[in-house]
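Participant: So here's entry-v9.csv, just CSV, C-alpha atoms:
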```
chain,number,residue,atom,x,y,z
A,4,MET,CA,-33.5,13.1,-3.7
A,5,ASP,CA,-34.2,10.2,-1.4
A,6,ILE,CA,-32.5,11.1,1.9
A,7,ASN,CA,-33.8,9.8,5.2
A,8,THR,CA,-34.3,11.7,8.4
A,9,ASN,CA,-31.1,10.4,10.0
A,10,GLY,CA,-29.1,12.4,7.5
A,11,ILE,CA,-27.8,9.4,5.6
A,12,VAL,CA,-28.1,9.4,1.9
A,13,GLY,CA,-30.3,6.5,0.8
A,14,GLN,CA,-30.4,4.5,-2.4
A,15,SER,CA,-31.3,7.5,-4.5
A,16,VAL,CA,-31.5,7.6,-8.2
A,17,LEU,CA,-28.3,9.7,-8.3
A,18,LEU,CA,-26.2,7.4,-6.2
A,19,ALA,CA,-27.5,4.4,-8.2
A,20,GLN,CA,-26.4,6.1,-11.3
A,21,VAL,CA,-22.9,6.7,-9.8
A,22,ARG,CA,-22.6,3.1,-8.7
A,23,ASP,CA,-23.8,1.8,-12.1
A,24,LEU,CA,-21.3,3.9,-14.0
A,25,ILE,CA,-18.4,2.9,-11.7
A,26,GLN,CA,-19.2,-0.7,-12.3
A,27,ARG,CA,-19.6,-0.3,-16.0
A,28,LYS,CA,-16.1,1.3,-16.1
A,29,HIS,CA,-14.8,-1.7,-14.1
A,30,TYR,CA,-13.4,0.4,-11.3
A,31,SER,CA,-12.5,-1.5,-8.1
A,32,ILE,CA,-15.0,-2.0,-5.4
A,33,ARG,CA,-12.8,0.1,-3.1
A,34,THR,CA,-13.0,3.0,-5.5
A,35,GLU,CA,-16.8,2.5,-5.7
A,36,GLN,CA,-17.1,2.6,-1.9
A,37,CYS,CA,-14.8,5.6,-1.6
A,38,TYR,CA,-16.5,7.7,-4.3
A,39,LEU,CA,-20.0,7.0,-2.9
A,40,GLN,CA,-18.9,8.0,0.6
A,41,TRP,CA,-17.4,11.3,-0.5
A,42,ILE,CA,-20.4,12.2,-2.7
A,43,LYS,CA,-22.7,11.5,0.3
A,44,ARG,CA,-20.6,13.8,2.5
A,45,PHE,CA,-20.5,16.5,-0.1
A,46,ILE,CA,-24.3,16.5,-0.3
A,47,LEU,CA,-24.8,16.4,3.5
A,48,PHE,CA,-22.4,19.3,3.9
A,49,HIS,CA,-24.6,21.4,1.8
A,50,ASN,CA,-27.8,20.5,3.7
A,51,LYS,CA,-28.8,17.7,1.3
A,52,LYS,CA,-28.9,20.0,-1.7
A,53,HIS,CA,-28.9,18.2,-5.1
A,54,PRO,CA,-25.5,18.4,-6.9
A,55,ASP,CA,-27.3,19.5,-10.0
A,56,ASN,CA,-28.2,22.7,-8.2
A,57,MET,CA,-24.6,23.3,-7.1
A,58,GLY,CA,-21.3,24.1,-8.9
A,59,ALA,CA,-17.7,25.1,-8.5
A,60,ALA,CA,-18.4,27.4,-5.5
A,61,GLU,CA,-20.0,24.7,-3.4
A,62,VAL,CA,-17.2,22.3,-4.3
A,63,GLU,CA,-14.6,24.8,-3.2
A,64,GLN,CA,-16.4,25.4,0.1
A,65,PHE,CA,-16.5,21.7,0.8
A,66,LEU,CA,-12.8,21.0,0.0
A,67,THR,CA,-11.7,24.1,1.9
A,68,TYR,CA,-13.7,22.9,4.9
A,69,LEU,CA,-11.8,19.5,4.7
A,70,ALA,CA,-8.4,21.2,4.7
A,71,VAL,CA,-9.0,24.1,7.2
A,72,LYS,CA,-11.6,22.7,9.7
A,73,LEU,CA,-10.9,19.0,9.6
A,74,GLU,CA,-7.2,19.3,8.7
A,75,VAL,CA,-7.2,16.3,6.4
A,76,ALA,CA,-4.2,15.1,4.6
A,77,ALA,CA,-3.5,16.2,1.0
A,78,SER,CA,-4.2,12.7,-0.3
A,79,THR,CA,-7.6,12.7,1.5
A,80,GLN,CA,-8.6,16.1,0.0
A,81,ASN,CA,-7.5,14.9,-3.5
A,82,GLN,CA,-9.6,11.7,-3.0
A,83,ALA,CA,-12.7,13.8,-2.3
A,84,LEU,CA,-12.0,16.0,-5.3
A,85,ASN,CA,-11.7,13.0,-7.6
A,86,ALA,CA,-15.0,11.7,-6.4
A,87,ILE,CA,-16.8,14.9,-6.9
A,88,VAL,CA,-15.3,15.6,-10.3
A,89,PHE,CA,-16.3,12.0,-11.3
A,90,LEU,CA,-19.9,12.9,-10.2
A,91,TYR,CA,-20.1,16.1,-12.3
A,92,LYS,CA,-18.1,15.1,-15.3
A,93,GLN,CA,-19.1,11.5,-15.8
A,94,VAL,CA,-22.6,11.2,-14.2
A,95,LEU,CA,-24.1,14.7,-14.5
A,96,GLU,CA,-22.1,15.6,-17.6
A,97,LYS,CA,-21.3,19.1,-16.3
A,98,GLU,CA,-18.0,20.9,-16.3
A,99,LEU,CA,-17.1,22.5,-13.0
A,100,GLY,CA,-14.6,24.9,-14.5
A,101,LYS,CA,-11.6,26.4,-12.6
A,102,MET,CA,-11.6,26.2,-8.9
A,103,ALA,CA,-8.8,28.6,-7.9
A,104,ASN,CA,-10.0,29.4,-4.4
A,105,ILE,CA,-9.6,26.0,-2.7
A,106,ALA,CA,-7.5,26.0,0.4
A,107,ARG,CA,-5.1,23.1,-0.2
A,108,ALA,CA,-4.3,20.7,2.5
A,109,LYS,CA,-0.6,20.7,3.3
A,110,ARG,CA,1.5,17.8,2.1
A,111,PRO,CA,4.1,17.2,4.9
A,112,GLN,CA,7.6,16.2,3.9
A,113,ARG,CA,7.9,13.0,5.9
A,114,LEU,CA,10.6,10.4,5.7
A,115,PRO,CA,9.5,6.8,5.7
A,116,THR,CA,9.7,4.7,8.8
A,117,VAL,CA,12.4,2.1,8.4
A,118,PHE,CA,13.4,-0.8,10.6
A,119,SER,CA,17.2,-1.2,11.0
A,120,LYS,CA,18.8,-4.5,10.2
A,121,GLU,CA,19.2,-5.2,14.0
A,122,GLU,CA,15.5,-4.4,14.5
A,123,MET,CA,14.5,-6.8,11.7
A,124,MET,CA,16.6,-9.6,13.3
A,125,ARG,CA,14.7,-9.0,16.5
A,126,LEU,CA,11.3,-8.7,14.8
A,127,LEU,CA,11.3,-11.6,12.4
A,128,PRO,CA,11.3,-14.4,15.0
A,129,HIS,CA,8.2,-13.0,16.6
A,130,LEU,CA,6.1,-13.0,13.4
A,131,ASN,CA,3.6,-15.8,13.6
A,132,GLY,CA,0.1,-16.8,12.5
A,133,LEU,CA,-1.5,-16.0,9.2
A,134,GLY,CA,0.4,-12.8,8.8
A,135,GLU,CA,3.9,-14.3,9.3
A,136,LEU,CA,4.6,-15.5,5.7
A,137,PRO,CA,3.1,-12.5,3.9
A,138,ASN,CA,4.9,-10.0,6.2
A,139,LYS,CA,8.2,-11.8,5.6
A,140,LEU,CA,7.5,-11.8,1.9
A,141,ILE,CA,6.9,-8.0,1.9
A,142,TYR,CA,10.3,-7.4,3.6
A,143,GLY,CA,12.0,-9.9,1.3
A,144,THR,CA,10.5,-8.6,-2.0
A,145,GLY,CA,9.6,-5.0,-1.5
A,146,MET,CA,6.0,-5.6,-2.5
A,147,ARG,CA,3.2,-3.3,-1.4
A,148,ILE,CA,0.8,-5.0,1.0
A,149,MET,CA,-2.1,-5.4,-1.5
A,150,GLU,CA,0.3,-6.6,-4.2
A,151,CYS,CA,1.4,-9.3,-1.8
A,152,LEU,CA,-2.2,-10.3,-0.8
A,153,ARG,CA,-3.3,-10.4,-4.4
A,154,LEU,CA,-0.5,-12.6,-5.4
A,155,ARG,CA,-1.6,-15.6,-7.5
A,156,VAL,CA,-0.2,-19.1,-7.6
A,157,GLN,CA,1.1,-18.8,-11.1
A,158,ASP,CA,3.0,-15.5,-10.4
A,159,ILE,CA,5.6,-17.4,-8.3
A,160,ASP,CA,8.6,-18.8,-10.3
A,161,PHE,CA,10.5,-21.1,-8.0
A,162,ASP,CA,13.1,-22.0,-10.6
A,163,ARG,CA,14.1,-18.5,-11.4
A,164,LYS,CA,13.5,-17.4,-7.8
A,165,GLN,CA,11.4,-14.4,-8.8
A,166,ILE,CA,7.8,-13.1,-8.4
A,167,ALA,CA,5.7,-11.4,-11.1
A,168,VAL,CA,3.8,-8.5,-9.6
A,169,ARG,CA,0.7,-8.0,-11.7
A,170,GLN,CA,-1.3,-4.8,-11.9
A,171,GLY,CA,0.8,-2.9,-9.4
A,172,LYS,CA,0.3,0.8,-8.7
A,173,GLY,CA,-0.5,2.5,-12.0
A,174,GLY,CA,-1.6,-0.8,-13.5
A,175,LYS,CA,2.0,-1.8,-14.3
A,176,ASP,CA,3.5,-5.3,-14.1
A,177,ARG,CA,7.0,-5.9,-12.8
A,178,VAL,CA,9.3,-8.6,-11.5
A,179,THR,CA,10.9,-8.8,-8.1
A,180,VAL,CA,13.2,-11.2,-6.2
A,181,LEU,CA,12.0,-14.3,-4.4
A,182,PRO,CA,14.0,-15.0,-1.2
A,183,PRO,CA,15.2,-18.6,-1.3
A,184,SER,CA,14.7,-18.9,2.5
A,185,LEU,CA,10.9,-18.5,2.0
A,186,ILE,CA,10.5,-21.1,-0.7
A,187,PRO,CA,9.8,-24.1,1.6
A,188,ALA,CA,7.1,-22.2,3.5
A,189,LEU,CA,5.5,-21.0,0.2
A,190,LYS,CA,5.4,-24.5,-1.2
A,191,THR,CA,3.8,-25.8,2.0
A,192,ARG,CA,1.3,-23.0,1.8
A,193,LEU,CA,0.5,-23.8,-1.8
A,194,GLU,CA,0.1,-27.5,-1.1
A,195,SER,CA,-2.5,-26.9,1.6
A,196,GLY,CA,-4.2,-24.4,-0.6
A,197,TYR,CA,-4.4,-26.8,-3.4
A,198,HIS,CA,-6.3,-29.4,-1.3
A,199,LEU,CA,-8.6,-26.7,-0.1
A,200,HIS,CA,-9.3,-25.6,-3.6
A,201,ARG,CA,-10.2,-29.1,-4.6
A,202,GLN,CA,-12.7,-29.2,-1.8
A,203,ASP,CA,-14.2,-25.9,-2.9
A,204,LEU,CA,-14.6,-27.3,-6.4
A,205,ALA,CA,-16.3,-30.4,-5.1
A,206,ASN,CA,-18.7,-28.2,-3.1
A,207,GLY,CA,-19.7,-26.3,-6.2
A,208,HIS,CA,-17.5,-23.2,-5.6
A,209,GLY,CA,-13.8,-22.8,-6.2
A,210,GLU,CA,-14.0,-19.5,-8.2
A,211,VAL,CA,-11.7,-16.6,-7.5
A,212,TYR,CA,-12.2,-12.9,-8.4
A,213,LEU,CA,-10.6,-11.9,-11.7
A,214,PRO,CA,-10.5,-8.4,-13.2
A,215,TYR,CA,-13.2,-7.9,-15.9
A,216,ALA,CA,-10.9,-8.1,-18.9
A,217,LEU,CA,-9.4,-11.5,-17.7
A,218,GLN,CA,-12.8,-12.8,-16.8
A,219,ARG,CA,-14.1,-12.0,-20.3
A,220,LYS,CA,-11.0,-13.4,-22.1
A,221,PHE,CA,-10.7,-16.5,-20.0
A,222,PRO,CA,-14.2,-17.4,-18.8
A,223,HIS,CA,-13.1,-20.6,-17.0
A,224,ALA,CA,-9.9,-19.3,-15.5
A,225,ALA,CA,-11.5,-18.3,-12.2
A,226,ARG,CA,-11.8,-22.0,-11.3
A,227,GLU,CA,-8.3,-22.9,-12.3
A,228,TRP,CA,-5.6,-23.5,-9.6
A,229,GLY,CA,-3.1,-21.1,-11.1
A,230,TRP,CA,-5.4,-18.1,-10.7
A,231,GLN,CA,-6.1,-18.8,-7.0
A,232,TYR,CA,-4.6,-16.5,-4.3
A,233,VAL,CA,-1.5,-17.6,-2.5
A,234,PHE,CA,-2.7,-16.0,0.7
A,235,TYR,CA,-6.2,-17.2,0.6
A,236,SER,CA,-8.8,-16.6,3.3
A,237,HIS,CA,-9.8,-19.6,5.3
A,238,LYS,CA,-13.5,-18.6,4.9
A,239,THR,CA,-15.5,-18.2,1.8
A,240,SER,CA,-17.5,-15.0,1.3
A,241,THR,CA,-20.2,-13.5,-1.0
A,242,ASP,CA,-19.0,-11.1,-3.7
A,243,PRO,CA,-21.1,-7.9,-3.2
A,244,ARG,CA,-21.3,-7.3,-6.9
A,245,THR,CA,-21.9,-10.7,-8.4
A,246,HIS,CA,-23.3,-12.4,-5.3
A,247,LYS,CA,-21.1,-15.4,-6.0
A,248,THR,CA,-19.6,-17.4,-3.2
A,249,ARG,CA,-15.8,-17.1,-3.5
A,250,ARG,CA,-12.6,-17.6,-1.5
A,251,HIS,CA,-11.0,-14.2,-1.3
A,252,HIS,CA,-7.5,-13.3,-0.1
A,253,LEU,CA,-6.6,-12.4,3.5
A,254,ASP,CA,-7.6,-9.0,4.8
A,255,GLU,CA,-4.7,-6.5,5.3
A,256,SER,CA,-5.7,-6.0,8.9
A,257,THR,CA,-4.4,-9.6,9.6
A,258,LEU,CA,-0.9,-8.5,8.5
A,259,ASN,CA,-0.9,-5.3,10.4
A,260,LYS,CA,-2.2,-6.9,13.6
A,261,GLY,CA,0.5,-9.6,13.3
A,262,LEU,CA,3.2,-7.0,12.8
A,263,LYS,CA,2.0,-4.9,15.8
A,264,ALA,CA,2.1,-8.0,18.1
A,265,ALA,CA,5.6,-8.9,16.8
A,266,LYS,CA,6.9,-5.3,17.5
A,267,THR,CA,5.6,-5.5,21.0
A,268,LYS,CA,7.3,-8.8,21.7
A,269,ALA,CA,10.6,-7.5,20.1
A,270,GLY,CA,10.6,-4.3,22.2
A,271,ILE,CA,10.4,-2.1,19.1
A,272,HIS,CA,8.3,1.0,19.7
A,273,LYS,CA,8.3,2.6,16.2
A,274,TYR,CA,4.9,3.5,14.9
A,275,ALA,CA,4.8,1.6,11.7
A,276,SER,CA,2.5,-0.5,9.5
A,277,CYS,CA,3.4,-3.3,7.1
A,278,HIS,CA,4.5,-0.7,4.6
A,279,ALA,CA,7.5,0.0,6.8
A,280,LEU,CA,8.7,-3.5,5.7
A,281,ARG,CA,8.8,-2.3,2.1
A,282,HIS,CA,10.7,0.8,3.1
A,283,SER,CA,13.2,-1.4,5.0
A,284,PHE,CA,13.7,-3.6,2.0
A,285,ALA,CA,14.7,-0.6,-0.2
A,286,THR,CA,16.9,1.0,2.5
A,287,HIS,CA,18.7,-2.2,3.3
A,288,LEU,CA,19.4,-2.8,-0.4
A,289,LEU,CA,20.9,0.7,-0.8
A,290,GLU,CA,23.0,0.1,2.4
A,291,ASP,CA,24.3,-3.0,0.8
A,292,GLY,CA,25.5,-1.1,-2.2
A,293,TYR,CA,22.8,-1.9,-4.8
A,294,ASP,CA,22.3,0.6,-7.6
A,295,ILE,CA,19.3,2.9,-7.0
A,296,ARG,CA,18.0,2.2,-10.5
A,297,THR,CA,17.8,-1.5,-9.6
A,298,VAL,CA,15.9,-0.7,-6.4
A,299,GLN,CA,13.6,1.6,-8.4
A,300,ASP,CA,12.7,-1.3,-10.7
A,301,LEU,CA,12.1,-3.7,-7.8
A,302,LEU,CA,9.8,-1.3,-6.0
A,303,GLY,CA,7.9,-0.4,-9.2
A,304,HIS,CA,8.5,3.4,-8.8
A,305,LYS,CA,7.6,5.4,-11.9
A,306,ASP,CA,9.8,8.3,-10.9
A,307,LEU,CA,13.4,8.0,-9.6
A,308,LYS,CA,12.6,10.9,-7.2
A,309,THR,CA,10.3,8.6,-5.3
A,310,THR,CA,13.1,6.1,-4.7
A,311,MET,CA,15.6,8.9,-3.8
A,312,ILE,CA,13.7,9.4,-0.5
A,313,TYR,CA,15.6,6.4,0.8
A,314,THR,CA,18.9,8.1,0.2
A,315,HIS,CA,17.8,10.7,2.7
A,316,VAL,CA,17.0,8.0,5.2
A,317,LEU,CA,20.6,6.7,4.8
A,318,GLN,CA,22.0,10.1,5.5
A,319,MET,CA,20.1,10.5,8.8
A,320,GLY,CA,21.2,9.8,12.3
A,321,ALA,CA,24.4,9.7,14.3
A,322,SER,CA,25.9,6.8,12.2
A,323,ALA,CA,26.0,9.1,9.2
A,324,VAL,CA,27.2,12.3,10.8
A,325,ARG,CA,30.7,12.9,12.3
A,326,SER,CA,30.6,15.1,15.3
A,327,PRO,CA,32.7,18.3,15.0
A,328,LEU,CA,34.1,17.4,18.5
A,329,GLU,CA,35.6,14.3,17.0
A,330,GLN,CA,37.2,16.3,14.2
A,331,LEU,CA,38.9,18.5,16.8
A,332,GLY,CA,40.0,15.5,18.6
A,333,THR,CA,41.7,14.2,15.5
A,334,ILE,CA,43.5,17.5,15.0
A,335,LYS,CA,44.8,17.4,18.6
A,336,THR,CA,46.1,13.9,18.1
A,337,LEU,CA,47.9,14.9,15.0
A,338,ALA,CA,49.5,17.8,16.8
A,339,THR,CA,50.7,15.6,19.6
A,340,LEU,CA,52.2,13.2,17.2
A,341,THR,CA,54.4,16.0,15.7
A,342,ASP,CA,55.7,16.7,19.2
A,343,HIS,CA,56.9,13.2,19.8
A,344,ASN,CA,60.7,12.9,20.6
A,345,PRO,CA,61.9,9.5,19.4
A,346,GLN,CA,65.2,9.8,21.3
A,347,SER,CA,63.6,10.4,24.7
A,348,GLY,CA,60.7,8.1,24.1
A,349,THR,CA,58.3,10.8,25.4
A,350,TRP,CA,55.5,12.8,23.7
```
Take the structure from the file and write it as C-alpha cells.
Facilitator:
Amino acid sequence: MDINTNGIVGQSVLLAQVRDLIQRKHYSIRTEQCYLQWIKRFILFHNKKHPDNMGAAEVEQFLTYLAVKLEVAASTQNQALNAIVFLYKQVLEKELGKMANIARAKRPQRLPTVFSKEEMMRLLPHLNGLGELPNKLIYGTGMRIMECLRLRVQDIDFDRKQIAVRQGKGGKDRVTVLPPSLIPALKTRLESGYHLHRQDLANGHGEVYLPYALQRKFPHAAREWGWQYVFYSHKTSTDPRTHKTRRHHLDESTLNKGLKAAKTKAGIHKYASCHALRHSFATHLLEDGYDIRTVQDLLGHKDLKTTMIYTHVLQMGASAVRSPLEQLGTIKTLATLTDHNPQSGTW
C-alpha cells in the first residue's frame, strides 16, 4: 500500500476505492472526510498493515485503544466503528463477525446547557455581524445549526409564518415556527442575496449545491433563486468533488464565534455552543406550558425520550426545589396563628 515515510497514508488504491464508493453512494463530503480519516488512523495504529490482512481482533484492539487510552466519547468511538465496518463490508466485502471484547467508551448522562430567559434578554442585543440573524433564528425556531445554514430561500413561508426544514437529522422533513420579529431582517437578507445571485449568473456562476437526487431530477434548479442558501457566503468557492465554482452557505464557525463574543459582552460565562440556543428554545416552550409532543415535532425528535431531557432541566435548581427549612417555617407560622388571642390582640 502506498504510504509515505511521514506515516501519512497517501492516495493508495484502497483509499481511492473507499472514496469512489462513498461518492457513488452519494454520502456527504463530511462523511467522506470522516471515514477516510478513521481508516487512515486504523491502518497507522497497526503499523501500516493492510486491512485485508487484519480482522475483528485488530478492530477490537483499535476501538479499545480509543476508549481506554484516548478516552474518546462514545459517539467518537461509534464513528470510528462505522468507518471501519464500511471499509470491510462495502469495499473489501468481508464480514468482521462478532466483536464482543471491545471496551466501550462511556456515554455520560449530561443535561443540555440552557440559557435562562433573563440570560437570553442580555445575550440577544450583543449578537451582531454575519452570525446575528442565524443565531437568532436558531433560538426562535429550534433548528439545528446545519439545518439553519442549509436553509433555502423557498423554504421560508412568510404568509404562514413557518419554515420547512428539509433533510433534517435522519433525512426527515418537518415544519417549525417563523418568529414574526425576524421577518423584516430575513426579507432584507433575501433582497441583498437576490442581487448578489444575479451578479453571479452574469459572471457565469450562480450555481448552488444540490443533493444528487435533486440535481438529477431538476438539472437546472441549481441556478434558480429559490434553491439558493438564505445564509450565503460572501465568497465563492470551488466544490472539491465537481470542481465547479459555487456560492456555499456560511461556515458554522461564524455562528459560534459570534455567540462567544456576545456571551462575553453580556457577562454570561456558561460554556455553550450555538446548539444551546436550540436547547433554550425547547426549554422555554415547556416553561410556557406548551405540550411536549408539540415541542417534539418542532425539534424533529424521533423519540419522545429525547425531548423528555428538557423536563429534567426544568426540575433542576433552586427555583424548582422548596427548601425543607421553608417547610418548617410554614409549620411554625401555622402554629403561632392557632395561638392568637383575638380579644387581647396579642399572639
Participant: Show which residues sit within 12 Å of A:Val62, as a count of residues only. Count only C-alpha atoms, and ignore same-chain residues fewer than 6 positions away.
Facilitator: 29
Participant: Just the residues within 12 Å of A:Leu288, please, counting all atoms listed in the file, with nothing from its chain fewer than 5 positions along; format it as a VMD selection string.
Facilitator: chain A and resid 119 to 120 142 to 145 180 281 to 283 293 to 299 301 to 302 310 313 to 314 317
Participant: With a distance cut-off of 12 Å and all atoms listed in the file, select the neighbouring residues of A:Lys263, excluding the residue or stretch itself and same-chain residues fewer than 3 positions from it, and output the selection as a CSV table (one decimal) with C-alpha atoms, in the frame of the given file.
Facilitator:
```
chain,number,residue,atom,x,y,z
A,126,LEU,CA,11.3,-8.7,14.8
A,127,LEU,CA,11.3,-11.6,12.4
A,129,HIS,CA,8.2,-13.0,16.6
A,130,LEU,CA,6.1,-13.0,13.4
A,131,ASN,CA,3.6,-15.8,13.6
A,134,GLY,CA,0.4,-12.8,8.8
A,135,GLU,CA,3.9,-14.3,9.3
A,138,ASN,CA,4.9,-10.0,6.2
A,256,SER,CA,-5.7,-6.0,8.9
A,257,THR,CA,-4.4,-9.6,9.6
A,258,LEU,CA,-0.9,-8.5,8.5
A,259,ASN,CA,-0.9,-5.3,10.4
A,260,LYS,CA,-2.2,-6.9,13.6
A,266,LYS,CA,6.9,-5.3,17.5
A,267,THR,CA,5.6,-5.5,21.0
A,268,LYS,CA,7.3,-8.8,21.7
A,269,ALA,CA,10.6,-7.5,20.1
A,270,GLY,CA,10.6,-4.3,22.2
A,271,ILE,CA,10.4,-2.1,19.1
A,272,HIS,CA,8.3,1.0,19.7
A,273,LYS,CA,8.3,2.6,16.2
A,274,TYR,CA,4.9,3.5,14.9
A,275,ALA,CA,4.8,1.6,11.7
A,276,SER,CA,2.5,-0.5,9.5
A,277,CYS,CA,3.4,-3.3,7.1
A,279,ALA,CA,7.5,0.0,6.8
```
Participant: For a quick check of understanding, using only C-alpha atoms, which of A:Leu289, A:Leu217, A:Leu17, A:Leu185 has the smallest distance to A:Ile141?
Facilitator: A:Leu185
Participant: Separation of atom CA of A:Lys305 and atom CA of A:Leu114, in Å?
Facilitator: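 That distance, rounded to one decimal, is 18.5 Å.
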Participant: So how far away is atom CA of A:Lys28 from atom CA of A:Ala60, in Å?
Facilitator: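 Here the two named atoms are 28.3 Å from each other.
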Participant: Could you tell me how far atom CA of A:Leu133 sits from atom CA of A:Leu262, in Å to one decimal place?
Facilitator: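 It comes out at 10.8 Å.
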Participant: If you count all atoms listed in the file, which residues fall within 12 Å of stretch 199-201 of chain A, apart from same-chain ones fewer than 2 positions away, as a count of residues only?
Facilitator: 33
Participant: Rank nothing, just name the residue among A:Asp158, A:Asp254, A:Val75, A:Leu280 nearest to A:Glu122, using only C-alpha atoms.
Facilitator: A:Leu280
Participant: Counting only C-alpha atoms, which residue out of A:Ala224, A:Leu136, A:Gln218, A:Ala285 sits closest to A:Pro187?
Facilitator: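 Using only C-alpha atoms, the shortest distance to A:Pro187 belongs to A:Leu136.
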Participant: A:Arg177: which residues within 10 Å, counting all atoms listed in the file, same-chain residues fewer than 3 positions away excluded, as JSON, numbers by chain?
Facilitator: {"A": [166, 167, 168, 169, 170, 171, 300, 301, 302, 303]}
Participant: Nearest residue to A:Leu154 out of A:Ala76, A:Leu213, A:Val21, A:Val94, using only C-alpha atoms?
Facilitator: A:Leu213
Participant: Kindly indicate which residue among A:Pro183, A:Pro115, A:Pro128, A:Gly174 lies nearest to A:Asp160, using only C-alpha atoms for the distances.
Facilitator: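 Answer, going by the shortest atom-to-atom distance: A:Pro183.
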Participant: Which protein, DNA or RNA residues have an atom at most 10 Å from (-17.1, -3.9, -11.4), counting all atoms listed in the file? List them as a VMD selection string.
Facilitator: chain A and resid 22 to 32 34 to 35 214 to 215 243 to 245
